[in-house]
file input-v5.csv (CSV, C-alpha atoms (C1' of nucleotides))
chain,number,residue,atom,x,y,z
A,30,MET,CA,-32.6,-15.4,-24.9
A,31,PRO,CA,-30.0,-14.1,-22.5
A,32,GLU,CA,-28.1,-11.0,-23.5
A,33,GLY,CA,-27.6,-8.3,-20.9
A,34,HIS,CA,-31.1,-6.8,-21.3
A,35,THR,CA,-32.7,-10.2,-20.4
A,36,LEU,CA,-30.7,-10.4,-17.1
A,37,HIS,CA,-31.5,-6.8,-16.1
A,38,ARG,CA,-35.2,-7.5,-16.7
A,39,LEU,CA,-34.9,-10.7,-14.7
A,40,ALA,CA,-33.3,-8.8,-11.8
A,41,ASP,CA,-36.1,-6.3,-11.9
A,42,GLU,CA,-38.7,-9.0,-12.0
A,43,LEU,CA,-37.1,-10.9,-9.0
A,44,ARG,CA,-36.8,-7.7,-7.0
A,45,THR,CA,-40.4,-6.7,-7.6
A,46,ALA,CA,-41.7,-10.2,-6.7
A,47,TYR,CA,-39.5,-11.0,-3.7
A,48,ALA,CA,-37.5,-8.1,-2.3
A,49,GLY,CA,-38.3,-7.6,1.4
A,50,ARG,CA,-40.2,-10.8,1.6
A,51,VAL,CA,-39.6,-14.1,3.4
A,52,VAL,CA,-39.1,-16.7,0.7
A,53,THR,CA,-39.1,-20.4,0.4
A,54,SER,CA,-36.0,-21.7,-1.3
A,55,SER,CA,-35.4,-25.2,-2.6
A,56,SER,CA,-33.7,-27.2,-5.3
A,57,PRO,CA,-36.3,-29.6,-6.7
A,58,GLN,CA,-33.6,-31.0,-9.0
A,59,GLY,CA,-31.2,-31.3,-6.1
A,60,ARG,CA,-28.2,-29.8,-7.8
A,61,PHE,CA,-28.2,-26.6,-5.8
A,62,ALA,CA,-28.1,-28.1,-2.3
A,63,GLU,CA,-27.3,-24.7,-0.7
A,64,ALA,CA,-30.8,-23.6,-1.6
A,65,ALA,CA,-31.9,-25.0,1.8
A,66,ARG,CA,-29.7,-22.5,3.6
A,67,LEU,CA,-31.7,-19.6,2.1
A,68,ASP,CA,-35.1,-21.1,3.0
A,69,GLY,CA,-37.1,-18.8,5.3
A,70,HIS,CA,-34.8,-15.8,4.8
A,71,VAL,CA,-35.8,-12.4,3.7
A,72,LEU,CA,-34.7,-11.9,0.1
A,73,GLU,CA,-33.0,-8.5,0.0
A,74,ASP,CA,-32.2,-7.7,-3.6
A,75,ALA,CA,-31.5,-9.0,-7.1
A,76,GLU,CA,-29.0,-7.1,-9.2
A,77,ALA,CA,-27.6,-7.7,-12.7
A,78,TRP,CA,-24.0,-7.0,-13.8
A,79,GLY,CA,-23.6,-7.8,-17.5
A,80,LYS,CA,-25.1,-11.3,-18.0
A,81,HIS,CA,-24.7,-12.2,-14.3
A,82,VAL,CA,-27.4,-11.9,-11.6
A,83,PHE,CA,-26.7,-11.7,-7.9
A,84,VAL,CA,-29.4,-12.4,-5.3
A,85,SER,CA,-28.8,-11.2,-1.7
A,86,PHE,CA,-30.6,-12.1,1.5
A,87,ALA,CA,-31.0,-10.3,4.8
A,88,ASP,CA,-28.7,-11.6,7.6
A,89,LEU,CA,-26.6,-13.5,5.1
A,90,PRO,CA,-23.2,-12.3,3.7
A,91,GLU,CA,-23.2,-14.8,0.8
A,92,GLN,CA,-25.1,-14.2,-2.4
A,93,VAL,CA,-26.5,-16.5,-5.0
A,94,HIS,CA,-24.7,-16.0,-8.3
A,95,VAL,CA,-26.8,-17.0,-11.4
A,96,HIS,CA,-25.6,-17.2,-15.0
A,97,LEU,CA,-28.1,-18.5,-17.5
A,98,GLY,CA,-25.5,-19.5,-20.1
A,99,LEU,CA,-26.8,-20.3,-23.5
A,100,TYR,CA,-30.1,-21.9,-22.6
A,101,GLY,CA,-30.9,-21.2,-19.0
A,102,THR,CA,-34.3,-19.8,-18.1
A,103,PHE,CA,-35.6,-18.2,-14.9
A,104,VAL,CA,-39.3,-17.7,-15.0
A,105,VAL,CA,-41.7,-16.2,-12.5
A,106,ALA,CA,-45.2,-17.7,-12.4
A,107,ALA,CA,-48.3,-16.8,-10.3
A,108,GLY,CA,-49.1,-19.0,-7.3
A,109,THR,CA,-47.1,-21.4,-5.1
A,110,GLY,CA,-47.0,-25.1,-4.5
A,111,LEU,CA,-46.8,-25.7,-8.3
A,112,PRO,CA,-45.5,-29.1,-9.5
A,113,ALA,CA,-41.8,-28.8,-10.6
A,114,VAL,CA,-41.9,-29.6,-14.3
A,115,GLY,CA,-38.5,-30.8,-15.7
A,116,GLN,CA,-35.1,-30.0,-14.2
A,117,VAL,CA,-35.7,-27.1,-11.7
A,118,ARG,CA,-32.3,-26.1,-10.3
A,119,TRP,CA,-33.6,-23.4,-7.9
A,120,ARG,CA,-37.1,-22.5,-6.9
A,121,ILE,CA,-38.0,-19.3,-5.0
A,122,GLU,CA,-41.6,-19.0,-3.6
A,123,ALA,CA,-43.5,-16.1,-1.9
A,124,GLY,CA,-46.8,-15.5,-3.5
A,125,SER,CA,-45.4,-16.4,-6.8
A,126,THR,CA,-42.9,-19.1,-8.0
A,127,ALA,CA,-39.6,-18.4,-9.7
A,128,ASP,CA,-38.1,-21.5,-11.4
A,129,LEU,CA,-34.5,-21.6,-12.6
A,130,ARG,CA,-33.7,-24.2,-15.3
A,131,GLY,CA,-30.5,-25.1,-17.2
A,132,PRO,CA,-28.2,-22.4,-15.8
A,133,ASN,CA,-24.5,-22.2,-16.5
A,134,ALA,CA,-24.1,-21.2,-12.9
A,135,CYS,CA,-26.2,-21.2,-9.7
A,136,GLU,CA,-24.0,-21.0,-6.7
A,137,LEU,CA,-23.6,-19.4,-3.3
A,138,LEU,CA,-20.6,-17.0,-3.2
A,139,THR,CA,-18.9,-15.2,-0.4
A,140,PRO,CA,-18.7,-11.4,-0.6
A,141,GLU,CA,-15.1,-11.7,-1.7
A,142,GLU,CA,-16.0,-14.0,-4.5
A,143,VAL,CA,-18.9,-11.8,-5.6
A,144,GLU,CA,-16.5,-8.8,-5.8
A,145,ALA,CA,-13.9,-10.8,-7.7
A,146,ARG,CA,-16.6,-11.8,-10.2
A,147,ILE,CA,-17.7,-8.2,-10.8
A,148,ASP,CA,-14.1,-7.0,-11.0
A,149,ARG,CA,-13.5,-9.2,-13.9
A,150,LEU,CA,-16.3,-7.5,-15.9
A,151,GLY,CA,-16.0,-4.5,-18.2
A,152,PRO,CA,-18.5,-1.7,-18.0
A,153,ASP,CA,-22.1,-2.7,-18.5
A,154,PRO,CA,-24.0,-0.2,-20.8
A,155,LEU,CA,-27.2,-0.9,-18.7
A,156,ARG,CA,-25.7,0.3,-15.5
A,157,ALA,CA,-25.6,3.9,-14.4
A,158,ASP,CA,-22.2,3.4,-12.7
A,159,ALA,CA,-20.6,2.1,-16.0
A,160,ASP,CA,-17.4,3.8,-17.1
A,161,PRO,CA,-17.1,3.5,-20.9
A,162,GLU,CA,-13.5,4.9,-20.6
A,163,ARG,CA,-12.4,1.5,-19.3
A,164,ALA,CA,-13.7,-0.2,-22.4
A,165,TRP,CA,-12.1,2.4,-24.6
A,166,ARG,CA,-8.7,1.8,-23.1
A,167,ARG,CA,-9.0,-2.0,-23.8
A,168,ILE,CA,-10.2,-1.4,-27.3
A,169,HIS,CA,-7.8,1.3,-28.2
A,170,GLY,CA,-4.8,-0.8,-27.3
A,171,SER,CA,-5.8,-4.0,-28.9
A,172,SER,CA,-5.0,-5.7,-32.2
A,173,VAL,CA,-8.0,-8.0,-31.7
A,174,PRO,CA,-11.0,-7.5,-34.1
A,175,ILE,CA,-13.6,-5.2,-32.8
A,176,ALA,CA,-16.2,-7.9,-33.3
A,177,ALA,CA,-14.3,-10.1,-30.8
A,178,LEU,CA,-13.7,-7.3,-28.3
A,179,LEU,CA,-17.4,-6.5,-28.1
A,180,MET,CA,-18.1,-10.1,-27.1
A,181,ASP,CA,-15.3,-10.1,-24.5
A,182,GLN,CA,-17.1,-9.6,-21.1
A,183,ALA,CA,-13.9,-8.2,-19.6
A,184,VAL,CA,-14.1,-5.4,-22.2
A,185,LEU,CA,-17.8,-4.8,-22.2
A,186,ALA,CA,-20.3,-6.7,-20.0
A,187,GLY,CA,-23.7,-7.7,-21.3
A,188,VAL,CA,-23.2,-7.5,-25.0
A,189,GLY,CA,-24.0,-10.8,-26.8
A,190,ASN,CA,-24.0,-12.0,-30.4
A,191,VAL,CA,-27.1,-10.1,-31.4
A,192,TYR,CA,-26.2,-6.7,-30.0
A,193,ARG,CA,-22.6,-7.2,-31.3
A,194,ALA,CA,-23.8,-7.8,-34.9
A,195,GLU,CA,-26.4,-5.0,-34.8
A,196,VAL,CA,-24.2,-2.3,-33.2
A,197,LEU,CA,-21.5,-2.9,-35.7
A,198,PHE,CA,-24.0,-2.6,-38.5
A,199,ARG,CA,-25.7,0.5,-37.2
A,200,ASN,CA,-22.4,2.2,-36.9
A,201,GLU,CA,-21.2,0.9,-40.3
A,202,VAL,CA,-18.1,-0.7,-38.7
A,203,ALA,CA,-16.3,-3.5,-40.5
A,204,PRO,CA,-16.3,-6.3,-37.9
A,205,MET,CA,-12.6,-7.4,-38.5
A,206,THR,CA,-11.2,-4.0,-37.9
A,207,ALA,CA,-8.6,-4.1,-35.2
A,208,GLY,CA,-9.6,-2.4,-31.9
A,209,ARG,CA,-6.7,0.1,-32.2
A,210,ARG,CA,-8.1,1.2,-35.6
A,211,ILE,CA,-11.4,2.2,-34.1
A,212,THR,CA,-11.6,6.0,-33.8
A,213,ARG,CA,-12.5,7.6,-30.5
A,214,LYS,CA,-15.5,9.2,-32.2
A,215,ARG,CA,-16.7,5.9,-33.5
A,216,TRP,CA,-16.4,4.2,-30.1
A,217,ASP,CA,-18.3,7.0,-28.4
A,218,ALA,CA,-21.1,6.6,-30.9
A,219,MET,CA,-21.1,2.8,-30.5
A,220,TRP,CA,-21.3,3.1,-26.7
A,221,THR,CA,-24.2,5.6,-26.9
A,222,ASP,CA,-25.9,3.3,-29.3
A,223,LEU,CA,-25.5,0.3,-27.0
A,224,VAL,CA,-26.9,2.2,-24.1
A,225,GLU,CA,-30.0,3.2,-26.1
A,226,LEU,CA,-30.5,-0.2,-27.7
A,227,MET,CA,-30.1,-2.2,-24.6
A,228,ARG,CA,-32.3,0.1,-22.5
A,229,GLU,CA,-35.0,-0.3,-25.1
A,230,GLY,CA,-34.4,-4.1,-24.8
A,231,VAL,CA,-35.0,-4.0,-21.1
A,232,ARG,CA,-38.2,-2.0,-21.6
A,233,THR,CA,-39.7,-4.2,-24.3
A,234,GLY,CA,-38.0,-7.6,-23.6
A,235,ARG,CA,-36.9,-7.9,-27.2
A,236,ILE,CA,-34.0,-6.8,-29.4
A,237,ASP,CA,-35.2,-4.3,-31.9
A,238,THR,CA,-32.5,-2.5,-33.8
A,239,VAL,CA,-34.0,-1.5,-37.2
A,240,ARG,CA,-34.5,2.3,-37.6
A,241,PRO,CA,-37.9,3.5,-38.6
A,242,GLU,CA,-36.7,4.5,-42.1
A,243,HIS,CA,-35.5,0.9,-42.7
A,244,GLU,CA,-38.5,-0.9,-41.6
A,245,PRO,CA,-39.9,-3.1,-44.3
A,246,GLU,CA,-43.1,-1.0,-44.6
A,247,ALA,CA,-41.0,2.1,-45.2
A,248,MET,CA,-38.9,0.3,-47.7
A,249,GLY,CA,-42.0,-1.0,-49.6
A,250,ARG,CA,-41.5,-4.6,-48.4
A,251,PRO,CA,-43.8,-6.9,-46.6
A,252,PRO,CA,-43.4,-7.0,-42.8
A,253,ARG,CA,-41.5,-9.9,-41.2
A,254,ALA,CA,-41.1,-11.3,-37.7
A,255,ASP,CA,-37.7,-12.6,-36.6
A,256,ASP,CA,-37.6,-15.7,-34.5
A,257,HIS,CA,-36.0,-14.0,-31.5
A,258,GLY,CA,-39.0,-11.7,-31.3
A,259,GLY,CA,-37.6,-8.5,-32.7
A,260,GLU,CA,-36.4,-6.8,-35.8
A,261,VAL,CA,-32.8,-6.8,-36.7
A,262,TYR,CA,-30.5,-5.8,-39.7
A,263,VAL,CA,-28.1,-8.7,-39.9
A,264,TYR,CA,-28.2,-11.2,-37.1
A,265,ARG,CA,-29.1,-14.6,-38.4
A,266,ARG,CA,-30.0,-13.1,-41.8
A,267,GLU,CA,-27.3,-14.9,-43.7
A,268,ARG,CA,-27.8,-14.8,-47.5
A,269,GLN,CA,-30.8,-12.6,-47.1
A,270,ALA,CA,-30.8,-9.1,-48.6
A,271,CYS,CA,-29.4,-6.3,-46.5
A,272,LEU,CA,-32.3,-4.1,-45.4
A,273,VAL,CA,-30.4,-1.0,-46.6
A,274,CYS,CA,-28.5,-2.0,-49.7
A,275,GLU,CA,-29.8,-5.4,-50.7
A,276,THR,CA,-26.4,-7.1,-50.7
A,277,PRO,CA,-26.7,-10.6,-49.3
A,278,VAL,CA,-25.8,-10.7,-45.6
A,279,ARG,CA,-22.6,-12.6,-44.8
A,280,ARG,CA,-21.7,-15.0,-42.1
A,281,ARG,CA,-18.4,-16.3,-40.7
A,282,VAL,CA,-17.3,-18.1,-37.5
A,283,LEU,CA,-15.1,-15.9,-35.3
A,284,ALA,CA,-13.8,-17.4,-32.0
A,285,GLY,CA,-16.4,-20.1,-32.2
A,286,ARG,CA,-19.4,-17.8,-32.7
A,287,ASN,CA,-21.4,-16.9,-35.8
A,288,LEU,CA,-20.7,-13.3,-37.0
A,289,PHE,CA,-23.2,-11.7,-39.4
A,290,TRP,CA,-22.5,-8.5,-41.3
A,291,CYS,CA,-23.1,-6.6,-44.6
A,292,ALA,CA,-19.8,-6.2,-46.4
A,293,THR,CA,-21.2,-3.2,-48.3
A,294,CYS,CA,-22.7,-1.1,-45.5
A,295,GLN,CA,-19.9,-1.9,-43.0
A,296,HIS,CA,-16.7,-0.3,-44.2
A,297,ARG,CA,-15.6,2.0,-41.4
A,298,GLY,CA,-13.0,1.8,-38.6
B,33,DA,C1',-38.1,-40.4,-33.5
B,34,DT,C1',-33.9,-38.3,-34.1
B,35,DT,C1',-30.8,-34.7,-35.0
B,36,DC,C1',-29.6,-30.0,-35.1
B,37,DT,C1',-28.9,-25.5,-33.3
B,38,DA,C1',-28.6,-21.5,-30.0
B,39,DT,C1',-28.7,-14.6,-27.8
B,40,DG,C1',-22.6,-18.3,-23.2
B,41,DT,C1',-18.6,-19.5,-20.6
B,42,DC,C1',-14.9,-22.4,-19.0
B,43,DG,C1',-11.0,-25.3,-19.0
B,44,DA,C1',-8.0,-28.6,-21.4
B,45,DA,C1',-5.0,-29.4,-25.3
C,81,DT,C1',-9.3,-24.1,-31.0
C,82,DC,C1',-12.2,-27.7,-29.2
C,83,DG,C1',-15.3,-30.2,-26.3
C,84,DA,C1',-18.2,-30.0,-22.2
C,85,DC,C1',-21.9,-28.2,-20.0
C,86,DC,C1',-27.3,-29.0,-20.2
C,87,DT,C1',-32.1,-27.4,-22.2
C,88,DA,C1',-35.8,-26.6,-25.5
C,89,DG,C1',-37.6,-25.7,-29.8
C,90,DA,C1',-37.0,-26.3,-34.7
C,91,DA,C1',-35.6,-29.0,-38.4
C,92,DT,C1',-35.1,-33.4,-40.5
C,93,DA,C1',-36.2,-38.3,-41.4
call {"tool": "encode", "arguments": {"input": "input-v5.csv", "output": "structure tokens"}}
result
Amino acid sequence: MPEGHTLHRLADELRTAYAGRVVTSSSPQGRFAEAARLDGHVLEDAEAWGKHVFVSFADLPEQVHVHLGLYGTFVVAAGTGLPAVGQVRWRIEAGSTADLRGPNACELLTPEEVEARIDRLGPDPLRADADPERAWRRIHGSSVPIAALLMDQAVLAGVGNVYRAEVLFRNEVAPMTAGRRITRKRWDAMWTDLVELMREGVRTGRIDTVRPEHEPEAMGRPPRADDHGGEVYVYRRERQACLVCETPVRRRVLAGRNLFWCATCQHRG
DNA sequence: ATTCTATGTCGAA
DNA sequence: TCGACCTAGAATA
């Protein structure tokens, strides 16, 4: 379930398990041959930028760049010497075992290539060094719908389809509003909201966006559990009643991705 | 058993 | 805008 919070959690997990330790590095599947070059090195750090994770090693200028894509997983399990089940692209071992499967990217990059990757990304709401002003400049000058801008990693890094839909709903923004029609005040509120929501996502490991007053119990409805492990207003709730106004949630495809929204609640620019 | 779908990104047309 | 990438779980037969 990789949106930005998942990758920041992953970086934290890898850092806790391996930073400062000599690790075993291998590619059971064989498709990351450079894993052997890292074997026996001290893992220095793991850091997330948007949906990208960079793993660095002591005495080695290159870093491993990992991107999970749509269905990649990177799971840490207790113990070592475990059988490699399925297609394990990269395995790190030191007391525990981290297995990477199905990533969009797992590659060794030079410092210049790492920098170029990061330079292409917009501000990440989960990073303390993020500058929301950079995102505002892109949004303010654009005729592209805000729903598409939020998913553009060069505008904002780490926001995916769930946070996109939910932050638009929570701020009552009509998704097809052109970026240049978004007011400064609205953008500031959306950024603040993303920082809070995504930090909560890192803390809990789930995407929960429904305010207490709109929870089913508070609205006199039976509780429900969404299949992504959280509670949301509109994401994947097509044709179901809006939690606030009961209007059926709508869906359309925008730039190849499903967009969900409530046409009644979301009317602002 | 098979098909469908996905919280993502890239490159070709 | 579309297919490819490549995996797992859910839905369908």
call {"tool": "atom_distance", "arguments": {"input": "input-v5.csv", "atom1": "atom CA of Cys274 of chain A", "atom2": "atom CA of Val196 of chain A"}}
result
17.1 Å
call {"tool": "atom_distance", "arguments": {"input": "input-v5.csv", "atom1": "atom CA of Glu244 of chain A", "atom2": "atom CA of Glu195 of chain A"}}
result
14.5 Å
call {"tool": "residues_around", "arguments": {"input": "input-v5.csv", "residues": "DA91 of chain C", "least_positions_apart": "3", "cutoff": "12 Å", "atoms": "only C-alpha atoms (C1' of nucleotides)", "output": "MDAnalysis selection string"}}
result
chainID B and resid 34:37
call {"tool": "residues_near_point", "arguments": {"input": "input-v5.csv", "point": "(-22.2, -2.0, -48.8)", "cutoff": "12 Å", "atoms": "all atoms listed in the file", "output": "JSON, numbers by chain"}}
result
{"A": [198, 201, 202, 203, 270, 271, 272, 273, 274, 275, 276, 277, 278, 279, 290, 291, 292, 293, 294, 295, 296, 297]}
call {"tool": "closest_atom_pairs", "arguments": {"input": "input-v5.csv", "of": "chain B", "to": "chain A", "cutoff": "7 Å", "atoms": "all atoms listed in the file", "output": "tab-separated table"}}
result
residue	atom	partner	partner_atom	distance
B:DA38	C1'	A:Leu99	CA	6.9
B:DT39	C1'	A:Met30	CA	4.9
B:DG40	C1'	A:Gly98	CA	4.4
B:DT41	C1'	A:Gly98	CA	6.9
call {"tool": "interface_residues", "arguments": {"input": "input-v5.csv", "of": "chain C", "to": "chain A", "cutoff": "10 Å", "atoms": "all atoms listed in the file", "output": "PyMOL selection string"}}
result
chain C and resi 81-82+85-88
call {"tool": "atom_distance", "arguments": {"input": "input-v5.csv", "atom1": "atom CA of Ile175 of chain A", "atom2": "atom CA of Arg266 of chain A"}}
result
20.3 Å
call {"tool": "closest_residue", "arguments": {"input": "input-v5.csv", "among": "A:Arg209, A:Arg232, A:Arg193, A:Arg280", "to": "Val261 of chain A", "atoms": "all atoms listed in the file"}}
result
A:Arg193
call {"tool": "decode", "arguments": {"input": "input-v5.csv", "residues": "segment 102-135 of chain A", "atoms": "N, CA and C atoms", "output": "compact mmCIF listing (two decimals), in the first residue's frame"}}
result
# COMPACT_ATOMS: atom_id res chain seq x y z
N THR A 102 6.69 -4.78 -2.24
CA THR A 102 6.67 -4.86 -0.77
C THR A 102 8.10 -5.01 -0.28
N PHE A 103 8.36 -4.50 0.91
CA PHE A 103 9.68 -4.62 1.53
C PHE A 103 9.39 -4.93 2.99
N VAL A 104 9.55 -6.20 3.37
CA VAL A 104 9.08 -6.65 4.67
C VAL A 104 10.23 -7.17 5.52
N VAL A 105 10.30 -6.68 6.76
CA VAL A 105 11.33 -7.13 7.70
C VAL A 105 10.74 -8.21 8.60
N ALA A 106 11.43 -9.34 8.68
CA ALA A 106 10.98 -10.45 9.53
C ALA A 106 12.11 -10.86 10.46
N ALA A 107 11.72 -11.40 11.62
CA ALA A 107 12.72 -11.83 12.60
C ALA A 107 13.51 -13.02 12.09
N GLY A 108 14.80 -13.07 12.44
CA GLY A 108 15.62 -14.22 12.12
C GLY A 108 16.38 -14.08 10.81
N THR A 109 17.33 -14.97 10.60
CA THR A 109 18.11 -14.98 9.35
C THR A 109 18.14 -16.39 8.79
N GLY A 110 18.64 -16.51 7.57
CA GLY A 110 18.71 -17.83 6.93
C GLY A 110 17.35 -18.38 6.55
N LEU A 111 16.38 -17.49 6.41
CA LEU A 111 15.02 -17.94 6.05
C LEU A 111 14.98 -18.35 4.58
N PRO A 112 14.13 -19.30 4.23
CA PRO A 112 13.98 -19.64 2.81
C PRO A 112 13.37 -18.46 2.05
N ALA A 113 13.89 -18.19 0.86
CA ALA A 113 13.35 -17.09 0.04
C ALA A 113 12.09 -17.57 -0.66
N VAL A 114 10.95 -17.07 -0.21
CA VAL A 114 9.68 -17.47 -0.79
C VAL A 114 9.30 -16.50 -1.91
N GLY A 115 9.04 -17.04 -3.10
CA GLY A 115 8.65 -16.19 -4.21
C GLY A 115 9.83 -15.44 -4.80
N GLN A 116 9.54 -14.31 -5.45
CA GLN A 116 10.55 -13.54 -6.16
C GLN A 116 11.13 -12.47 -5.25
N VAL A 117 12.24 -12.79 -4.58
CA VAL A 117 12.87 -11.81 -3.69
C VAL A 117 13.98 -11.09 -4.45
N ARG A 118 13.74 -9.83 -4.77
CA ARG A 118 14.71 -9.05 -5.56
C ARG A 118 15.96 -8.73 -4.75
N TRP A 119 15.73 -8.28 -3.50
CA TRP A 119 16.87 -7.89 -2.66
C TRP A 119 16.59 -8.36 -1.24
N ARG A 120 17.61 -8.96 -0.63
CA ARG A 120 17.48 -9.40 0.75
C ARG A 120 18.62 -8.80 1.57
N ILE A 121 18.28 -8.19 2.71
CA ILE A 121 19.25 -7.68 3.67
C ILE A 121 19.10 -8.52 4.93
N GLU A 122 20.24 -8.96 5.48
CA GLU A 122 20.18 -9.73 6.72
C GLU A 122 21.19 -9.22 7.72
N ALA A 123 20.74 -9.09 8.96
CA ALA A 123 21.60 -8.81 10.12
C ALA A 123 20.68 -8.92 11.33
N GLY A 124 20.60 -10.10 11.89
CA GLY A 124 19.68 -10.33 13.00
C GLY A 124 18.26 -10.55 12.53
N SER A 125 17.83 -9.73 11.57
CA SER A 125 16.52 -9.93 10.96
C SER A 125 16.69 -9.92 9.44
N THR A 126 15.63 -10.26 8.75
CA THR A 126 15.69 -10.38 7.29
C THR A 126 14.70 -9.42 6.64
N ALA A 127 15.21 -8.58 5.72
CA ALA A 127 14.33 -7.69 4.95
C ALA A 127 14.27 -8.18 3.52
N ASP A 128 13.07 -8.52 3.04
CA ASP A 128 12.87 -9.02 1.68
C ASP A 128 12.11 -8.01 0.84
N LEU A 129 12.69 -7.67 -0.31
CA LEU A 129 12.05 -6.75 -1.25
C LEU A 129 11.50 -7.56 -2.42
N ARG A 130 10.19 -7.40 -2.68
CA ARG A 130 9.55 -8.11 -3.79
C ARG A 130 8.80 -7.14 -4.71
N GLY A 131 8.87 -7.40 -6.00
CA GLY A 131 8.05 -6.68 -6.98
C GLY A 131 8.22 -5.19 -7.06
N PRO A 132 9.44 -4.66 -6.83
CA PRO A 132 9.60 -3.21 -6.86
C PRO A 132 9.59 -2.67 -8.28
N ASN A 133 9.24 -1.42 -8.39
CA ASN A 133 9.33 -0.71 -9.66
C ASN A 133 10.81 -0.44 -9.96
N ALA A 134 11.58 -0.16 -8.90
CA ALA A 134 13.01 0.11 -9.07
C ALA A 134 13.78 -0.43 -7.88
N CYS A 135 14.91 -1.06 -8.15
CA CYS A 135 15.89 -1.43 -7.13
C CYS A 135 17.22 -1.39 -7.84
